[in-house]
Amino acid sequence: MSTQKTSLRELKKRQTRENISHHATRLFLERGFDKVTITEVAEAAQVAKMTVTNYFPRKEDLVFDLSDEFVQSLARTVRDRAPGESALAALRRAYLAAVARRDPVIGFSGPAFARMIDDSPALTARLREFHDERERALADALAAETGAGPGDLLPRVAAAQLGGVHRLLFDETLRRTIAGQDDAEIAAVLTGHIDTAFGFLEPSLGGYAVRPAG
């Protein structure tokens, strides 16, 4: 019975979060991020202002509702890589799959959403923070997976290179979206960019963090 109550409570929390995010995004797209207040979001979602801030401590987080997935995605891909697969190969495979499904986590957000981010210094700054957090999470995962010691710089160097490629590809997706290219066009270009960017790292990282077979 307690498990059922917990499940229902978690469902209600998720529905509340999604409701707030939905109304916030609608208002931001209609009027611009900087012109909408938290109070107006609360009124639109029919919740208390404190409820909004409990779920989204910073206004920018209302826009980036997938931030947890964004920050943890690279680290999780490395942890879940197949036996005999390197971190580089796993991340390359995952990025190609994300492009194929037009995943919003890698930037397939639509022109209105992309322009909203590009037009707001606050959102652009928050996005940079998420990129930095993702790189740190990846470095921690690489250190754990390779048994690196606290003073070992290599996981951070590898994370900086791999995170840099992901940041570059995300920015390219955003730029092309704002320029008016559709998802199919962007995906076709990205596929070539992925080969170029990840291929460039192959000499240095192709044999790094390979999961042992068996």
# chains A, B, ... in the order shown; residues from 1 in each chain; ligands from 1
>>> residues_around(residues="Leu27 of chain A", least_positions_apart="3", cutoff="10 Å", atoms="only C-alpha atoms", output="JSON, numbers by chain")
{"A": [21, 22, 23, 24, 30, 31, 32, 33, 35, 36, 37, 40, 41, 44]}
>>> write_last_selection(atoms="C-alpha atoms", output="short mmCIF file (atom, residue, chain, number, x, y, z; two decimals), in the first residue's frame")
data_model
loop_
_atom_site.label_atom_id
_atom_site.label_comp_id
_atom_site.auth_asym_id
_atom_site.auth_seq_id
_atom_site.Cartn_x
_atom_site.Cartn_y
_atom_site.Cartn_z
CA SER A 21 6.94 23.84 -17.40
CA HIS A 22 4.29 23.71 -20.13
CA HIS A 23 2.71 27.02 -19.16
CA ALA A 24 6.07 28.69 -18.59
CA GLU A 30 4.77 34.24 -26.70
CA ARG A 31 6.38 37.18 -24.91
CA GLY A 32 10.06 36.46 -24.43
CA PHE A 33 11.82 34.97 -21.43
CA LYS A 35 9.33 39.73 -20.02
CA VAL A 36 7.55 36.99 -18.07
CA THR A 37 7.57 36.87 -14.26
CA GLU A 40 2.63 35.12 -14.13
CA VAL A 41 3.84 31.54 -14.60
CA ALA A 44 -1.07 30.45 -15.70
#
>>> residues_around(residues="Arg17 of chain A", least_positions_apart="5", cutoff="9 Å", atoms="only C-alpha atoms", output="list in words")
Lys12, His22, Val52, Tyr55, Phe56 and Asp65 of chain A
>>> closest_residue(among="A:Lys49, A:Ala89, A:Glu43, A:Gly149", to="Leu201 of chain A", atoms="only C-alpha atoms")
A:Ala89
>>> select_by_dssp(residues="chain A", states="helix (DSSP H, G or I)", output="number ranges by chain")
A: 2-31, 33-35, 38-45, 49-55, 59-62, 67-79, 87-100, 104-106, 111-119, 121-146, 154-178, 183-205
>>> residues_around(residues="Leu153 of chain A", least_positions_apart="3", cutoff="12 Å", atoms="only C-alpha atoms", output="MDAnalysis selection string")
chainID A and resid 139:140 142:143 148:150 156:160
>>> closest_residue(among="A:Leu96, A:Ala209, A:Val165, A:Val47", to="Gly192 of chain A", atoms="only C-alpha atoms")
A:Leu96
>>> atom_distance(atom1="atom CA of Ser86 of chain A", atom2="atom CA of Phe130 of chain A")
24.2 Å
>>> atom_distance(atom1="atom CA of Val210 of chain A", atom2="atom CA of Pro83 of chain A")
7.6 Å
>>> closest_atom_pairs(of="segment 130-203 of chain A", to="segment 107-114 of chain A", cutoff="12 Å", atoms="only C-alpha atoms", output="tab-separated table")
residue	atom	partner	partner_atom	distance
A:His166	CA	A:Gly107	CA	10.5
A:Arg167	CA	A:Gly107	CA	10.1
A:Leu168	CA	A:Gly107	CA	11.0
A:Leu169	CA	A:Gly107	CA	8.7
A:Phe170	CA	A:Gly107	CA	5.6
A:Asp171	CA	A:Gly107	CA	7.8
A:Glu172	CA	A:Gly107	CA	8.8
A:Thr173	CA	A:Gly107	CA	5.8
A:Leu174	CA	A:Ala114	CA	6.0
A:Arg175	CA	A:Ala114	CA	8.1
A:Arg176	CA	A:Pro111	CA	9.0
A:Thr177	CA	A:Pro111	CA	5.4
A:Ile178	CA	A:Pro111	CA	5.3
A:Ala179	CA	A:Pro111	CA	8.1
A:Gly180	CA	A:Pro111	CA	6.9
A:Gln181	CA	A:Pro111	CA	8.8
A:Asp182	CA	A:Gly110	CA	8.4
A:Asp183	CA	A:Phe108	CA	7.1
A:Ala184	CA	A:Phe108	CA	10.4
A:Glu185	CA	A:Phe108	CA	11.6
A:Ile186	CA	A:Phe108	CA	8.9
A:Ala187	CA	A:Phe108	CA	9.2
A:Leu190	CA	A:Gly107	CA	11.3
>>> atom_distance(atom1="atom CA of Phe198 of chain A", atom2="atom CA of Arg211 of chain A")
18.4 Å
>>> residues_around(residues="Leu88 of chain A", least_positions_apart="6", cutoff="8 Å", atoms="only C-alpha atoms", output="ChimeraX atom specification")
/A:162,198,201-202,205-206,208
>>> closest_residue(among="A:Ala98, A:Ile20, A:Leu138, A:Ala122", to="Leu154 of chain A", atoms="only C-alpha atoms")
A:Leu138
